[in-house]
file final.csv (CSV, N, CA and C atoms)
chain,number,residue,atom,x,y,z
A,1,MET,N,0.8,-1.2,0.0
A,1,MET,CA,0.0,0.0,0.0
A,1,MET,C,0.9,1.2,0.0
A,2,ALA,N,0.6,2.1,-0.9
A,2,ALA,CA,1.4,3.4,-1.0
A,2,ALA,C,1.0,4.3,0.1
A,3,MET,N,2.0,4.7,0.9
A,3,MET,CA,1.7,5.6,2.0
A,3,MET,C,2.6,6.8,1.9
A,4,LYS,N,3.7,6.7,1.2
A,4,LYS,CA,4.6,7.9,1.1
A,4,LYS,C,4.0,8.8,0.0
A,5,LYS,N,4.0,10.1,0.3
A,5,LYS,CA,3.4,11.1,-0.6
A,5,LYS,C,4.1,11.0,-2.0
A,6,SER,N,5.4,10.9,-2.0
A,6,SER,CA,6.1,10.8,-3.3
A,6,SER,C,5.7,9.6,-4.1
A,7,THR,N,5.5,8.5,-3.5
A,7,THR,CA,5.1,7.3,-4.2
A,7,THR,C,3.7,7.4,-4.8
A,8,ILE,N,2.8,8.0,-4.0
A,8,ILE,CA,1.4,8.3,-4.4
A,8,ILE,C,1.4,9.2,-5.6
A,9,GLN,N,2.2,10.3,-5.5
A,9,GLN,CA,2.3,11.2,-6.6
A,9,GLN,C,2.8,10.6,-7.9
A,10,GLN,N,3.8,9.7,-7.8
A,10,GLN,CA,4.3,9.0,-8.9
A,10,GLN,C,3.3,8.1,-9.5
A,11,GLN,N,2.5,7.4,-8.7
A,11,GLN,CA,1.5,6.5,-9.2
A,11,GLN,C,0.4,7.2,-10.0
A,12,VAL,N,0.0,8.4,-9.4
A,12,VAL,CA,-1.0,9.2,-10.1
A,12,VAL,C,-0.4,9.7,-11.4
A,13,ALA,N,0.8,10.2,-11.4
A,13,ALA,CA,1.4,10.7,-12.7
A,13,ALA,C,1.5,9.5,-13.7
A,14,GLU,N,1.8,8.3,-13.3
A,14,GLU,CA,1.8,7.2,-14.2
A,14,GLU,C,0.4,6.9,-14.8
A,15,ALA,N,-0.6,7.0,-13.9
A,15,ALA,CA,-2.0,6.8,-14.4
A,15,ALA,C,-2.4,7.8,-15.4
A,16,ILE,N,-2.0,9.1,-15.2
A,16,ILE,CA,-2.3,10.2,-16.1
A,16,ILE,C,-1.6,9.9,-17.4
A,17,ALA,N,-0.3,9.5,-17.4
A,17,ALA,CA,0.4,9.2,-18.6
A,17,ALA,C,-0.2,8.1,-19.4
A,18,GLN,N,-0.7,7.1,-18.7
A,18,GLN,CA,-1.4,6.0,-19.4
A,18,GLN,C,-2.7,6.5,-20.1
A,19,ALA,N,-3.4,7.4,-19.5
A,19,ALA,CA,-4.7,7.9,-20.0
A,19,ALA,C,-4.4,8.9,-21.1
A,20,ASN,N,-3.4,9.7,-21.0
A,20,ASN,CA,-3.1,10.7,-22.0
A,20,ASN,C,-1.6,11.0,-21.9
A,21,PRO,N,-0.8,10.4,-22.8
A,21,PRO,CA,0.6,10.6,-22.8
A,21,PRO,C,1.1,12.0,-22.9
A,22,GLN,N,0.3,12.9,-23.5
A,22,GLN,CA,0.7,14.3,-23.7
A,22,GLN,C,0.5,15.2,-22.5
A,23,ASP,N,-0.2,14.7,-21.5
A,23,ASP,CA,-0.6,15.5,-20.3
A,23,ASP,C,0.4,15.2,-19.2
A,24,ARG,N,0.6,16.2,-18.4
A,24,ARG,CA,1.5,16.1,-17.2
A,24,ARG,C,0.9,16.8,-16.0
A,25,PRO,N,1.0,16.2,-14.8
A,25,PRO,CA,0.4,16.8,-13.6
A,25,PRO,C,1.2,18.0,-13.2
A,26,ILE,N,0.5,19.0,-12.7
A,26,ILE,CA,1.1,20.2,-12.1
A,26,ILE,C,1.1,20.1,-10.6
A,27,VAL,N,-0.1,19.8,-10.0
A,27,VAL,CA,-0.3,19.6,-8.6
A,27,VAL,C,-1.4,18.6,-8.3
A,28,MET,N,-1.2,17.9,-7.3
A,28,MET,CA,-2.2,16.8,-7.0
A,28,MET,C,-2.4,16.7,-5.5
A,29,ILE,N,-3.6,16.4,-5.1
A,29,ILE,CA,-3.9,16.1,-3.7
A,29,ILE,C,-4.7,14.8,-3.5
A,30,GLN,N,-4.7,14.3,-2.3
A,30,GLN,CA,-5.6,13.2,-2.0
A,30,GLN,C,-6.7,13.8,-1.2
A,31,ALA,N,-8.0,13.4,-1.5
A,31,ALA,CA,-9.1,13.9,-0.7
A,31,ALA,C,-10.1,12.8,-0.4
A,32,VAL,N,-10.8,13.0,0.7
A,32,VAL,CA,-11.8,12.1,1.2
A,32,VAL,C,-13.1,12.8,1.0
A,33,ALA,N,-14.0,12.3,0.2
A,33,ALA,CA,-15.3,12.9,-0.1
A,33,ALA,C,-16.3,12.3,0.9
A,34,GLY,N,-17.1,13.2,1.4
A,34,GLY,CA,-18.2,12.8,2.3
A,34,GLY,C,-18.3,13.7,3.5
A,35,PRO,N,-19.1,13.2,4.5
A,35,PRO,CA,-19.3,14.0,5.7
A,35,PRO,C,-17.9,14.1,6.5
A,36,SER,N,-18.0,14.7,7.6
A,36,SER,CA,-16.8,14.9,8.5
A,36,SER,C,-16.1,13.6,8.7
A,37,VAL,N,-14.8,13.6,8.4
A,37,VAL,CA,-13.9,12.4,8.6
A,37,VAL,C,-13.9,12.0,10.1
A,38,TRP,N,-14.0,13.0,11.0
A,38,TRP,CA,-14.0,12.7,12.4
A,38,TRP,C,-15.2,11.9,12.8
A,39,LEU,N,-16.4,12.4,12.3
A,39,LEU,CA,-17.6,11.7,12.6
A,39,LEU,C,-17.7,10.3,12.0
A,40,MET,N,-17.3,10.1,10.8
A,40,MET,CA,-17.3,8.8,10.1
A,40,MET,C,-16.3,7.9,10.8
A,41,SER,N,-15.2,8.4,11.3
A,41,SER,CA,-14.2,7.5,12.1
A,41,SER,C,-14.8,7.0,13.3
A,42,MET,N,-15.6,7.8,14.0
A,42,MET,CA,-16.3,7.4,15.2
A,42,MET,C,-17.3,6.3,15.0
A,43,LEU,N,-17.9,6.3,13.8
A,43,LEU,CA,-18.9,5.2,13.4
A,43,LEU,C,-18.2,3.9,13.0
A,44,GLY,N,-16.9,3.9,12.9
A,44,GLY,CA,-16.2,2.7,12.5
A,44,GLY,C,-16.4,2.3,11.1
A,45,VAL,N,-16.6,1.0,10.8
A,45,VAL,CA,-16.7,0.4,9.5
A,45,VAL,C,-18.0,1.0,8.8
A,46,ILE,N,-19.0,1.2,9.5
A,46,ILE,CA,-20.3,1.7,9.0
A,46,ILE,C,-20.0,3.2,8.4
A,47,GLY,N,-19.3,3.9,9.2
A,47,GLY,CA,-18.9,5.3,8.8
A,47,GLY,C,-18.1,5.3,7.5
A,48,GLN,N,-17.2,4.4,7.4
A,48,GLN,CA,-16.3,4.3,6.2
A,48,GLN,C,-17.1,4.1,4.9
A,49,CYS,N,-18.3,3.5,5.0
A,49,CYS,CA,-19.2,3.3,3.8
A,49,CYS,C,-19.6,4.6,3.2
A,50,PHE,N,-19.6,5.7,4.0
A,50,PHE,CA,-20.1,7.0,3.6
A,50,PHE,C,-19.0,7.8,3.0
A,51,LEU,N,-17.8,7.3,2.9
A,51,LEU,CA,-16.7,8.1,2.4
A,51,LEU,C,-16.2,7.5,1.1
A,52,SER,N,-15.7,8.4,0.2
A,52,SER,CA,-15.1,8.0,-1.0
A,52,SER,C,-13.7,8.7,-1.1
A,53,TYR,N,-12.7,8.0,-1.7
A,53,TYR,CA,-11.4,8.5,-1.7
A,53,TYR,C,-11.0,8.8,-3.1
A,54,TYR,N,-10.4,10.0,-3.3
A,54,TYR,CA,-10.1,10.5,-4.6
A,54,TYR,C,-8.7,11.2,-4.7
A,55,PHE,N,-8.2,11.3,-5.9
A,55,PHE,CA,-7.0,12.1,-6.2
A,55,PHE,C,-7.5,13.2,-7.1
A,56,ILE,N,-7.2,14.4,-6.7
A,56,ILE,CA,-7.6,15.6,-7.6
A,56,ILE,C,-6.3,16.1,-8.1
A,57,THR,N,-6.2,16.2,-9.4
A,57,THR,CA,-5.0,16.7,-10.1
A,57,THR,C,-5.2,17.8,-11.1
A,58,VAL,N,-4.5,18.8,-11.0
A,58,VAL,CA,-4.5,19.9,-12.0
A,58,VAL,C,-3.3,19.5,-12.9
A,59,THR,N,-3.7,19.3,-14.2
A,59,THR,CA,-2.7,18.9,-15.2
A,59,THR,C,-2.5,20.1,-16.2
A,60,GLN,N,-1.7,19.9,-17.2
A,60,GLN,CA,-1.5,21.0,-18.2
A,60,GLN,C,-2.8,21.2,-19.0
A,61,GLN,N,-3.7,20.2,-19.1
A,61,GLN,CA,-4.8,20.2,-20.0
A,61,GLN,C,-6.2,20.3,-19.3
A,62,ALA,N,-6.2,19.8,-18.0
A,62,ALA,CA,-7.5,19.7,-17.3
A,62,ALA,C,-7.4,19.5,-15.8
A,63,VAL,N,-8.5,19.4,-15.2
A,63,VAL,CA,-8.5,19.0,-13.8
A,63,VAL,C,-9.1,17.6,-13.7
A,64,LEU,N,-8.4,16.6,-13.2
A,64,LEU,CA,-8.8,15.2,-13.2
A,64,LEU,C,-9.2,14.8,-11.8
A,65,LEU,N,-10.2,14.0,-11.7
A,65,LEU,CA,-10.6,13.4,-10.5
A,65,LEU,C,-10.5,11.9,-10.7
A,66,HIS,N,-9.5,11.2,-10.0
A,66,HIS,CA,-9.3,9.8,-10.0
A,66,HIS,C,-10.0,9.2,-8.8
A,67,ARG,N,-10.6,8.1,-8.9
A,67,ARG,CA,-11.1,7.3,-7.7
A,67,ARG,C,-9.8,6.7,-7.1
A,68,ALA,N,-9.7,6.6,-5.8
A,68,ALA,CA,-8.6,6.0,-5.2
A,68,ALA,C,-9.1,4.7,-4.5
A,69,SER,N,-8.3,3.7,-4.6
A,69,SER,CA,-8.6,2.4,-4.0
A,69,SER,C,-8.5,2.5,-2.4
A,70,ARG,N,-9.5,2.0,-1.8
A,70,ARG,CA,-9.5,2.0,-0.3
A,70,ARG,C,-8.4,1.0,0.2
A,71,TRP,N,-8.1,0.0,-0.5
A,71,TRP,CA,-7.3,-1.1,0.0
A,71,TRP,C,-5.8,-0.8,-0.2
A,72,ASN,N,-5.4,-0.3,-1.4
A,72,ASN,CA,-4.0,-0.1,-1.7
A,72,ASN,C,-3.6,1.3,-2.0
A,73,ASN,N,-4.6,2.2,-1.9
A,73,ASN,CA,-4.3,3.7,-2.1
A,73,ASN,C,-3.8,4.0,-3.5
A,74,ARG,N,-4.1,3.2,-4.5
A,74,ARG,CA,-3.7,3.5,-5.9
A,74,ARG,C,-4.8,4.1,-6.7
A,75,PRO,N,-4.4,4.9,-7.7
A,75,PRO,CA,-5.4,5.6,-8.5
A,75,PRO,C,-6.1,4.5,-9.3
A,76,GLN,N,-7.4,4.6,-9.4
A,76,GLN,CA,-8.2,3.8,-10.3
A,76,GLN,C,-8.7,4.6,-11.5
A,77,GLU,N,-9.9,4.4,-11.9
A,77,GLU,CA,-10.4,5.1,-13.1
A,77,GLU,C,-10.6,6.6,-12.9
A,78,ILE,N,-10.5,7.3,-14.0
A,78,ILE,CA,-10.8,8.7,-13.9
A,78,ILE,C,-12.3,8.9,-13.9
A,79,VAL,N,-12.7,9.6,-12.8
A,79,VAL,CA,-14.2,9.8,-12.6
A,79,VAL,C,-14.6,10.9,-13.6
A,80,THR,N,-13.8,12.0,-13.6
A,80,THR,CA,-14.2,13.1,-14.5
A,80,THR,C,-13.0,13.9,-14.9
A,81,ALA,N,-13.0,14.5,-16.0
A,81,ALA,CA,-12.0,15.5,-16.5
A,81,ALA,C,-12.7,16.8,-16.8
A,82,ILE,N,-12.3,17.8,-16.1
A,82,ILE,CA,-12.9,19.1,-16.2
A,82,ILE,C,-12.0,20.1,-16.9
A,83,PRO,N,-12.5,20.9,-17.9
A,83,PRO,CA,-11.7,21.9,-18.5
A,83,PRO,C,-11.3,23.0,-17.5
A,84,PRO,N,-10.1,23.5,-17.6
A,84,PRO,CA,-9.6,24.5,-16.6
A,84,PRO,C,-10.6,25.7,-16.4
A,85,ALA,N,-11.2,26.2,-17.4
A,85,ALA,CA,-12.1,27.4,-17.3
A,85,ALA,C,-13.3,27.0,-16.5
A,86,GLU,N,-13.8,25.8,-16.7
A,86,GLU,CA,-15.0,25.3,-15.9
A,86,GLU,C,-14.6,25.0,-14.5
A,87,ALA,N,-13.4,24.5,-14.3
A,87,ALA,CA,-13.0,24.1,-12.9
A,87,ALA,C,-12.9,25.3,-12.0
A,88,MET,N,-12.6,26.5,-12.5
A,88,MET,CA,-12.5,27.7,-11.7
A,88,MET,C,-13.8,28.0,-10.9
A,89,ARG,N,-14.9,27.6,-11.4
A,89,ARG,CA,-16.2,27.8,-10.8
A,89,ARG,C,-16.7,26.7,-9.9
A,90,MET,N,-16.0,25.6,-9.8
A,90,MET,CA,-16.5,24.5,-9.0
A,90,MET,C,-16.1,24.5,-7.5
A,91,ILE,N,-15.2,25.4,-7.1
A,91,ILE,CA,-14.7,25.3,-5.7
A,91,ILE,C,-15.4,26.4,-4.8
A,92,SER,N,-15.8,26.0,-3.6
A,92,SER,CA,-16.4,27.0,-2.7
A,92,SER,C,-16.2,26.5,-1.2
A,93,ASP,N,-16.4,27.4,-0.3
A,93,ASP,CA,-16.4,27.0,1.1
A,93,ASP,C,-15.1,26.4,1.6
A,94,VAL,N,-14.0,27.0,1.4
A,94,VAL,CA,-12.7,26.5,1.8
A,94,VAL,C,-12.6,26.7,3.3
A,95,ARG,N,-12.2,25.6,4.0
A,95,ARG,CA,-12.0,25.7,5.4
A,95,ARG,C,-10.7,25.0,5.8
A,96,ARG,N,-9.8,25.8,6.3
A,96,ARG,CA,-8.5,25.3,6.8
A,96,ARG,C,-8.5,25.0,8.2
A,97,ASN,N,-8.2,23.8,8.6
A,97,ASN,CA,-8.2,23.4,10.0
A,97,ASN,C,-6.9,22.7,10.4
A,98,THR,N,-6.7,22.4,11.6
A,98,THR,CA,-5.4,21.9,12.1
A,98,THR,C,-5.1,20.6,11.5
A,99,LEU,N,-6.0,19.6,11.5
A,99,LEU,CA,-5.7,18.3,10.9
A,99,LEU,C,-6.4,18.0,9.6
A,100,TRP,N,-7.7,18.2,9.5
A,100,TRP,CA,-8.4,18.0,8.3
A,100,TRP,C,-9.0,19.3,7.8
A,101,SER,N,-8.6,19.8,6.6
A,101,SER,CA,-9.2,20.9,6.0
A,101,SER,C,-10.3,20.4,5.0
A,102,SER,N,-11.1,21.3,4.6
A,102,SER,CA,-12.1,20.9,3.6
A,102,SER,C,-12.5,22.0,2.7
A,103,PHE,N,-13.1,21.6,1.5
A,103,PHE,CA,-13.7,22.6,0.6
A,103,PHE,C,-14.8,21.8,-0.1
A,104,ARG,N,-15.7,22.6,-0.7
A,104,ARG,CA,-16.8,22.1,-1.5
A,104,ARG,C,-16.5,22.1,-2.9
A,105,CYS,N,-16.8,21.0,-3.6
A,105,CYS,CA,-16.5,20.9,-5.0
A,105,CYS,C,-17.7,20.5,-5.8
A,106,GLN,N,-18.2,21.3,-6.7
A,106,GLN,CA,-19.3,21.0,-7.5
A,106,GLN,C,-18.9,20.1,-8.7
A,107,LEU,N,-19.2,18.8,-8.5
A,107,LEU,CA,-18.8,17.8,-9.6
A,107,LEU,C,-19.9,17.7,-10.6
A,108,PRO,N,-19.6,17.5,-11.9
A,108,PRO,CA,-20.5,17.4,-12.9
A,108,PRO,C,-21.5,16.3,-12.6
A,109,GLY,N,-22.8,16.6,-12.8
A,109,GLY,CA,-23.9,15.6,-12.6
A,109,GLY,C,-24.3,15.5,-11.2
A,110,GLN,N,-23.8,16.2,-10.3
A,110,GLN,CA,-24.2,16.1,-8.9
A,110,GLN,C,-25.1,17.3,-8.6
A,111,PRO,N,-26.2,17.1,-7.8
A,111,PRO,CA,-27.1,18.2,-7.5
A,111,PRO,C,-26.5,19.3,-6.5
A,112,LYS,N,-25.6,18.8,-5.6
A,112,LYS,CA,-25.1,19.6,-4.6
A,112,LYS,C,-23.5,19.5,-4.6
A,113,PRO,N,-22.8,20.5,-4.1
A,113,PRO,CA,-21.4,20.4,-4.0
A,113,PRO,C,-21.0,19.3,-3.0
A,114,THR,N,-19.9,18.6,-3.4
A,114,THR,CA,-19.4,17.5,-2.5
A,114,THR,C,-18.3,18.0,-1.6
A,115,ARG,N,-18.4,17.7,-0.3
A,115,ARG,CA,-17.4,18.1,0.6
A,115,ARG,C,-16.1,17.2,0.4
A,116,MET,N,-15.0,17.9,0.2
A,116,MET,CA,-13.7,17.2,0.0
A,116,MET,C,-12.9,17.5,1.3
A,117,ASN,N,-12.5,16.5,2.0
A,117,ASN,CA,-11.7,16.6,3.2
A,117,ASN,C,-10.2,16.3,2.8
A,118,VAL,N,-9.3,17.1,3.3
A,118,VAL,CA,-7.9,17.0,2.9
A,118,VAL,C,-7.0,17.0,4.2
A,119,HIS,N,-6.2,15.9,4.4
A,119,HIS,CA,-5.4,15.8,5.5
A,119,HIS,C,-4.3,16.8,5.5
A,120,ARG,N,-3.7,17.2,6.6
A,120,ARG,CA,-2.7,18.2,6.7
A,120,ARG,C,-1.4,17.8,5.9
A,121,LEU,N,-1.2,16.6,5.7
A,121,LEU,CA,-0.1,16.1,4.9
A,121,LEU,C,-0.1,16.7,3.5
A,122,TRP,N,-1.3,17.0,3.0
A,122,TRP,CA,-1.5,17.5,1.6
A,122,TRP,C,-1.9,19.0,1.6
A,123,ARG,N,-1.7,19.7,2.8
A,123,ARG,CA,-2.2,21.1,2.9
A,123,ARG,C,-1.4,22.0,1.9
A,124,ASN,N,-0.1,21.9,1.8
A,124,ASN,CA,0.6,22.8,0.8
A,124,ASN,C,0.1,22.6,-0.6
A,125,GLU,N,-0.1,21.3,-1.0
A,125,GLU,CA,-0.6,21.1,-2.3
A,125,GLU,C,-2.0,21.5,-2.5
A,126,MET,N,-2.8,21.4,-1.4
A,126,MET,CA,-4.2,21.9,-1.4
A,126,MET,C,-4.2,23.4,-1.7
A,127,ASP,N,-3.4,24.1,-0.9
A,127,ASP,CA,-3.3,25.6,-1.1
A,127,ASP,C,-3.0,25.9,-2.5
A,128,GLN,N,-2.0,25.2,-3.1
A,128,GLN,CA,-1.5,25.5,-4.5
A,128,GLN,C,-2.7,25.2,-5.4
A,129,LEU,N,-3.3,24.0,-5.3
A,129,LEU,CA,-4.4,23.6,-6.2
A,129,LEU,C,-5.5,24.5,-6.1
A,130,LEU,N,-6.0,24.9,-4.9
A,130,LEU,CA,-7.1,25.8,-4.8
A,130,LEU,C,-6.8,27.2,-5.3
A,131,GLY,N,-5.5,27.6,-5.1
A,131,GLY,CA,-5.1,28.9,-5.6
A,131,GLY,C,-5.2,28.9,-7.2
A,132,MET,N,-4.8,27.8,-7.8
A,132,MET,CA,-4.8,27.7,-9.2
A,132,MET,C,-6.3,27.7,-9.7
A,133,LEU,N,-7.1,27.0,-9.0
A,133,LEU,CA,-8.5,26.9,-9.5
A,133,LEU,C,-9.4,28.1,-9.2
A,134,THR,N,-9.1,28.8,-8.1
A,134,THR,CA,-9.9,30.0,-7.7
A,134,THR,C,-9.3,31.3,-8.2
A,135,GLY,N,-8.0,31.3,-8.4
A,135,GLY,CA,-7.3,32.5,-8.8
A,135,GLY,C,-6.9,33.4,-7.6
A,136,GLN,N,-7.2,32.8,-6.4
A,136,GLN,CA,-6.9,33.6,-5.2
A,136,GLN,C,-6.0,32.7,-4.3
A,137,PRO,N,-5.1,33.4,-3.6
A,137,PRO,CA,-4.3,32.6,-2.6
A,137,PRO,C,-5.1,32.1,-1.5
A,138,VAL,N,-4.8,30.9,-1.0
A,138,VAL,CA,-5.6,30.3,0.2
A,138,VAL,C,-4.7,30.4,1.4
A,139,ALA,N,-5.2,31.0,2.4
A,139,ALA,CA,-4.3,31.1,3.7
A,139,ALA,C,-5.2,30.9,4.9

call {"tool": "encode", "arguments": {"input": "final.csv", "output": "structure tokens"}}
result
Amino acid sequence: MAMKKSTIQQQVAEAIAQANPQDRPIVMIQAVAGPSVWLMSMLGVIGQCFLSYYFITVTQQAVLLHRASRWNNRPQEIVTAIPPAEAMRMISDVRRNTLWSSFRCQLPGQPKPTRMNVHRLWRNEMDQLLGMLTGQPVA
């Protein structure tokens, strides 16, 4: 199971290269979609059923959302590819916290924005990614 950030980033870059050899990642984060990670952890295995794991990557050509495997933390299929101009409008309600930060992401085909929870391990990349998507620095 990939646990090192550099290994995860390499695996996502390889998945992107397989899908589109001309595209390269600029910044990538791992996010947990769903309600509060704290609350779902307290509910144990049942709470985990309400969470989905993703890799969100800004590339040279698009913003990609990969599903992440719960078991080995590897990128799976690309859920959606969003053009950069459209991606700028999909982010809202950014909240930076000590351990888990979050933001809302309006995914195509979803009626409401999805809460994306980001661990502090990915905070620098989250700030860079959100800054690129919103055009504003996140602090």

call {"tool": "atom_distance", "arguments": {"input": "final.csv", "atom1": "atom C of Arg123 in chain A", "atom2": "atom N of Gln18 in chain A"}}
result
25.4 Å

call {"tool": "closest_residue", "arguments": {"input": "final.csv", "among": "A:Gly44, A:Pro83, A:Glu14, A:Ile56", "to": "Val27 in chain A", "atoms": "only N, CA and C atoms"}}
result
A:Ile56

call {"tool": "residues_around", "arguments": {"input": "final.csv", "residues": "Ile78 in chain A", "least_positions_apart": "2", "cutoff": "7 Å", "atoms": "only N, CA and C atoms", "output": "list of chain:residue names"}}
result
A:Leu64, A:Leu65, A:His66, A:Arg67, A:Gln76, A:Thr80, A:Ala81

call {"tool": "atom_distance", "arguments": {"input": "final.csv", "atom1": "CA of Gly131 in chain A", "atom2": "CA of Arg70 in chain A"}}
result
27.8 Å

call {"tool": "select_by_dssp", "arguments": {"input": "final.csv", "residues": "range 74-119 of chain A", "states": "strand (DSSP E)", "output": "list of chain:residue names"}}
result
A:Pro75, A:Gln76, A:Glu77, A:Ile78, A:Val79, A:Thr80, A:Ala81, A:Ile82, A:Ile91, A:Ser92, A:Asp93, A:Val94, A:Arg95, A:Trp100, A:Ser101, A:Ser102, A:Phe103, A:Arg104, A:Cys105, A:Thr114, A:Arg115, A:Met116, A:Asn117, A:Val118, A:His119
